[in-house]
$ cat structure.pdb   # PDB, C-alpha atoms, pLDDT in the B column
ATOM      1  CA  MET A   1     112.678 125.776  96.946  1.00 45.00           C
ATOM      2  CA  PRO A   2     110.337 124.455  94.204  1.00 51.00           C
ATOM      3  CA  ASP A   3     108.769 121.046  94.763  1.00 55.00           C
ATOM      4  CA  ASN A   4     110.480 119.499  91.697  1.00 55.00           C
ATOM      5  CA  ASP A   5     113.942 120.482  92.982  1.00 53.00           C
ATOM      6  CA  LYS A   6     113.154 118.933  96.362  1.00 51.00           C
ATOM      7  CA  LYS A   7     112.099 115.592  94.834  1.00 47.00           C
ATOM      8  CA  LYS A   8     115.494 115.185  93.143  1.00 60.00           C
ATOM      9  CA  HIS A   9     117.083 114.632  96.556  1.00 86.00           C
ATOM     10  CA  TYR A  10     114.711 111.900  97.715  1.00 88.00           C
ATOM     11  CA  VAL A  11     115.703 108.228  97.954  1.00 89.00           C
ATOM     12  CA  ARG A  12     113.802 104.981  97.428  1.00 87.00           C
ATOM     13  CA  ALA A  13     112.470 103.554 100.679  1.00 89.00           C
ATOM     14  CA  ALA A  14     110.494 100.660  99.243  1.00 86.00           C
ATOM     15  CA  TYR A  15     109.163  99.079  96.107  1.00 83.00           C
ATOM     16  CA  ALA A  16     105.422  98.482  95.675  1.00 81.00           C
ATOM     17  CA  PRO A  17     104.216  95.866  93.187  1.00 76.00           C
ATOM     18  CA  ASP A  18     101.322  98.023  91.960  1.00 75.00           C
ATOM     19  CA  GLY A  19      99.643 101.437  92.145  1.00 78.00           C
ATOM     20  CA  PRO A  20      97.133 100.641  94.910  1.00 82.00           C
ATOM     21  CA  GLY A  21      99.915  99.134  97.021  1.00 83.00           C
ATOM     22  CA  ALA A  22     102.011 102.252  96.480  1.00 85.00           C
ATOM     23  CA  LEU A  23      99.149 104.510  97.523  1.00 88.00           C
ATOM     24  CA  ALA A  24      98.603 102.469 100.700  1.00 90.00           C
ATOM     25  CA  MET A  25     102.315 102.719 101.567  1.00 91.00           C
ATOM     26  CA  ILE A  26     102.348 106.470 100.950  1.00 93.00           C
ATOM     27  CA  GLU A  27      99.266 106.943 103.117  1.00 93.00           C
ATOM     28  CA  LEU A  28     100.857 104.920 105.941  1.00 92.00           C
ATOM     29  CA  LEU A  29     104.011 107.046 105.796  1.00 94.00           C
ATOM     30  CA  LYS A  30     102.071 110.313 105.689  1.00 94.00           C
ATOM     31  CA  ASP A  31     100.001 109.174 108.694  1.00 94.00           C
ATOM     32  CA  HIS A  32     103.312 108.966 110.589  1.00 93.00           C
ATOM     33  CA  GLY A  33     104.501 112.395 109.413  1.00 94.00           C
ATOM     34  CA  ILE A  34     106.840 111.210 106.651  1.00 94.00           C
ATOM     35  CA  ASP A  35     106.556 112.982 103.312  1.00 93.00           C
ATOM     36  CA  ALA A  36     106.484 110.382 100.526  1.00 93.00           C
ATOM     37  CA  PHE A  37     105.515 110.012  96.885  1.00 91.00           C
ATOM     38  CA  ARG A  38     105.560 107.338  94.217  1.00 89.00           C
ATOM     39  CA  GLN A  39     108.217 107.487  91.533  1.00 80.00           C
ATOM     40  CA  GLY A  40     106.563 107.526  88.123  1.00 67.00           C
ATOM     41  CA  GLY A  41     107.879 108.610  84.793  1.00 49.00           C
ATOM     42  CA  VAL A  42     108.248 107.220  81.313  1.00 50.00           C
ATOM     43  CA  LYS A  43     107.160 103.744  82.373  1.00 54.00           C
ATOM     44  CA  ASP A  44     103.705 105.138  83.211  1.00 53.00           C
ATOM     45  CA  ILE A  45     103.220 106.167  79.581  1.00 52.00           C
ATOM     46  CA  TYR A  46     103.816 102.676  78.244  1.00 55.00           C
ATOM     47  CA  LYS A  47     102.004 100.503  80.757  1.00 54.00           C
ATOM     48  CA  ILE A  48      98.726  99.126  79.495  1.00 54.00           C
ATOM     49  CA  GLY A  49      96.203  97.491  81.786  1.00 51.00           C
ATOM     50  CA  GLY A  50      98.258  97.441  84.954  1.00 51.00           C
ATOM     51  CA  ASP A  51     101.441  98.171  86.792  1.00 49.00           C
ATOM     52  CA  ILE A  52     103.986  96.034  84.985  1.00 54.00           C
ATOM     53  CA  PHE A  53     107.059  97.503  86.600  1.00 60.00           C
ATOM     54  CA  GLY A  54     105.723  98.371  90.046  1.00 70.00           C
ATOM     55  CA  GLU A  55     106.186 101.642  91.913  1.00 80.00           C
ATOM     56  CA  GLU A  56     109.082 103.120  93.860  1.00 85.00           C
ATOM     57  CA  ILE A  57     108.200 104.829  97.146  1.00 89.00           C
ATOM     58  CA  MET A  58     110.445 107.862  97.606  1.00 90.00           C
ATOM     59  CA  VAL A  59     111.207 109.618 100.907  1.00 93.00           C
ATOM     60  CA  ASP A  60     113.625 112.174 102.306  1.00 92.00           C
ATOM     61  CA  PRO A  61     116.996 110.559 103.171  1.00 92.00           C
ATOM     62  CA  GLU A  62     116.568 111.666 106.789  1.00 93.00           C
ATOM     63  CA  ASP A  63     113.337 109.639 107.039  1.00 92.00           C
ATOM     64  CA  LEU A  64     114.656 106.562 105.228  1.00 91.00           C
ATOM     65  CA  SER A  65     115.245 104.241 108.196  1.00 91.00           C
ATOM     66  CA  GLU A  66     111.932 105.116 109.861  1.00 93.00           C
ATOM     67  CA  ALA A  67     110.057 104.690 106.571  1.00 93.00           C
ATOM     68  CA  GLN A  68     111.638 101.294 105.946  1.00 90.00           C
ATOM     69  CA  ARG A  69     110.801 100.231 109.492  1.00 90.00           C
ATOM     70  CA  LEU A  70     107.157 101.294 109.090  1.00 90.00           C
ATOM     71  CA  LEU A  71     106.769  99.682 105.692  1.00 88.00           C
ATOM     72  CA  GLY A  72     108.500  96.505 106.841  1.00 84.00           C
ATOM     73  CA  SER A  73     106.202  96.110 109.831  1.00 66.00           C
ATOM     74  CA  ALA A  74     103.154  96.812 107.639  1.00 60.00           C
ATOM     75  CA  GLU A  75     104.137  94.050 105.202  1.00 58.00           C
ATOM     76  CA  ALA A  76     104.952  91.592 107.990  1.00 47.00           C
ATOM     77  CA  GLY A  77     101.406  91.840 109.352  1.00 44.00           C
ATOM     78  CA  LYS A  78      99.732  90.919 106.052  1.00 48.00           C
ATOM     79  CA  PRO A  79      99.076  87.246 105.331  1.00 41.00           C
ATOM     80  CA  ALA A  80      99.159  87.801 101.564  1.00 46.00           C
ATOM     81  CA  SER A  81      99.475  91.036  99.658  1.00 54.00           C
ATOM     82  CA  GLU A  82      96.950  92.119  97.064  1.00 56.00           C
ATOM     83  CA  ALA A  83      99.610  91.779  94.375  1.00 56.00           C
ATOM     84  CA  LYS A  84     100.136  88.103  95.206  1.00 63.00           C
ATOM     85  CA  LYS A  85      96.391  87.498  95.098  1.00 66.00           C
ATOM     86  CA  ALA A  86      96.121  89.248  91.728  1.00 67.00           C
ATOM     87  CA  SER A  87      99.089  87.278  90.420  1.00 70.00           C
ATOM     88  CA  LYS A  88      97.495  83.979  91.461  1.00 75.00           C
ATOM     89  CA  THR A  89      94.222  85.021  89.822  1.00 80.00           C
ATOM     90  CA  LYS A  90      95.996  85.912  86.583  1.00 82.00           C
ATOM     91  CA  ALA A  91      97.869  82.608  86.600  1.00 83.00           C
ATOM     92  CA  LEU A  92      94.626  80.674  87.116  1.00 85.00           C
ATOM     93  CA  LEU A  93      92.913  82.566  84.298  1.00 88.00           C
ATOM     94  CA  CYS A  94      95.860  81.883  81.969  1.00 88.00           C
ATOM     95  CA  LEU A  95      95.728  78.186  82.848  1.00 91.00           C
ATOM     96  CA  LEU A  96      91.978  78.043  82.177  1.00 93.00           C
ATOM     97  CA  ALA A  97      92.420  79.869  78.847  1.00 93.00           C
ATOM     98  CA  ALA A  98      95.168  77.453  77.809  1.00 93.00           C
ATOM     99  CA  ALA A  99      93.006  74.445  78.729  1.00 93.00           C
ATOM    100  CA  ALA A 100      90.062  75.859  76.765  1.00 93.00           C
ATOM    101  CA  LEU A 101      92.268  76.493  73.720  1.00 94.00           C
ATOM    102  CA  PHE A 102      93.662  72.968  73.939  1.00 92.00           C
ATOM    103  CA  ALA A 103      90.122  71.525  74.104  1.00 91.00           C
ATOM    104  CA  VAL A 104      89.045  73.549  71.052  1.00 91.00           C
ATOM    105  CA  LEU A 105      92.106  72.417  69.096  1.00 90.00           C
ATOM    106  CA  LEU A 106      91.437  68.774  69.983  1.00 89.00           C
ATOM    107  CA  PHE A 107      87.812  69.161  68.908  1.00 89.00           C
ATOM    108  CA  LEU A 108      88.782  70.752  65.601  1.00 88.00           C
ATOM    109  CA  ARG A 109      91.446  68.114  64.938  1.00 86.00           C
ATOM    110  CA  GLY A 110      88.932  65.296  65.427  1.00 83.00           C
ATOM    111  CA  ARG A 111      86.318  67.020  63.320  1.00 75.00           C
ATOM    112  CA  PHE A 112      88.518  67.645  60.280  1.00 66.00           C
ATOM    113  CA  LEU A 113      90.364  64.282  60.111  1.00 59.00           C
TER     114      LEU A 113
END
$ encode --input "structure.pdb" --output "structure tokens"
Amino acid sequence: MPDNDKKKHYVRAAYAPDGPGALAMIELLKDHGIDAFRQGGVKDIYKIGGDIFGEEIMVDPEDLSEAQRLLGSAEAGKPASEAKKASKTKALLCLLAAAALFAVLLFLRGRFL
């Protein structure tokens, strides 16, 4: 059976917030003998600069419960995922950019009055 036909029968075991997280999940599953891959597609063509929509981790239906158990225990052991850290960093950078823009606007307003 060709590989593409086999992938049509796989189901989503988990959802990763980004590409590196998806690769780590896939590696964990493969280390435990579970065949897995990330679900890509049209969304990969349009994303610019990062994983906007996240990644689906696909497994064989027979391995679904074991995969979810493994991925659940892996997430439970982490204090904070890399995606949460990146999200906090982006939020801080946006806040700093907004404050800088506000300061420039105040400066320009005072200068041209």
$ closest_residue --input "structure.pdb" --among "A:Leu70, A:Ile57, A:Ala14, A:Leu96" --to "His32 of chain A" --atoms "all atoms listed in the file"
A:Leu70
$ closest_residue --input "structure.pdb" --among "A:Ile26, A:Val104, A:Val11, A:Met58" --to "Gln39 of chain A" --atoms "all atoms listed in the file"
A:Met58
$ closest_residue --input "structure.pdb" --among "A:Ile34, A:Leu106, A:Ala100, A:Ala91" --to "Pro61 of chain A" --atoms "all atoms listed in the file"
A:Ile34
$ atom_distance --input "structure.pdb" --atom1 "atom CA of Asp35 of chain A" --atom2 "atom CA of Asp63 of chain A"
8.4 Å
$ closest_residue --input "structure.pdb" --among "A:Lys90, A:Ala98, A:Leu108, A:Leu29" --to "Asp60 of chain A" --atoms "only C-alpha atoms"
A:Leu29
$ atom_distance --input "structure.pdb" --atom1 "atom CA of Gly21 of chain A" --atom2 "atom CA of Leu64 of chain A"
18.4 Å
$ atom_distance --input "structure.pdb" --atom1 "atom CA of Thr89 of chain A" --atom2 "atom CA of Leu71 of chain A"
25.0 Å
$ closest_residue --input "structure.pdb" --among "A:Leu92, A:Leu105, A:Ala22, A:Ala97" --to "Ala36 of chain A" --atoms "all atoms listed in the file"
A:Ala22
$ closest_residue --input "structure.pdb" --among "A:Arg109, A:Ala67, A:Cys94, A:Ala103" --to "Glu27 of chain A" --atoms "all atoms listed in the file"
A:Ala67
$ axis_aligned_box --input "structure.pdb" --around "segment 106-111 of chain A" --padding-each-side "4 Å" --output "AutoDock Vina command-line options"
--center_x 88.9 --center_y 68.0 --center_z 66.7 --size_x 13.1 --size_y 13.5 --size_z 14.7
$ resolve_selection --input "structure.pdb" --expression "the PyMOL selection byres ((chain A and resi 17) around 7)" --output "MDAnalysis selection string"
chainID A and resid 15:16 18 21 54:55 83
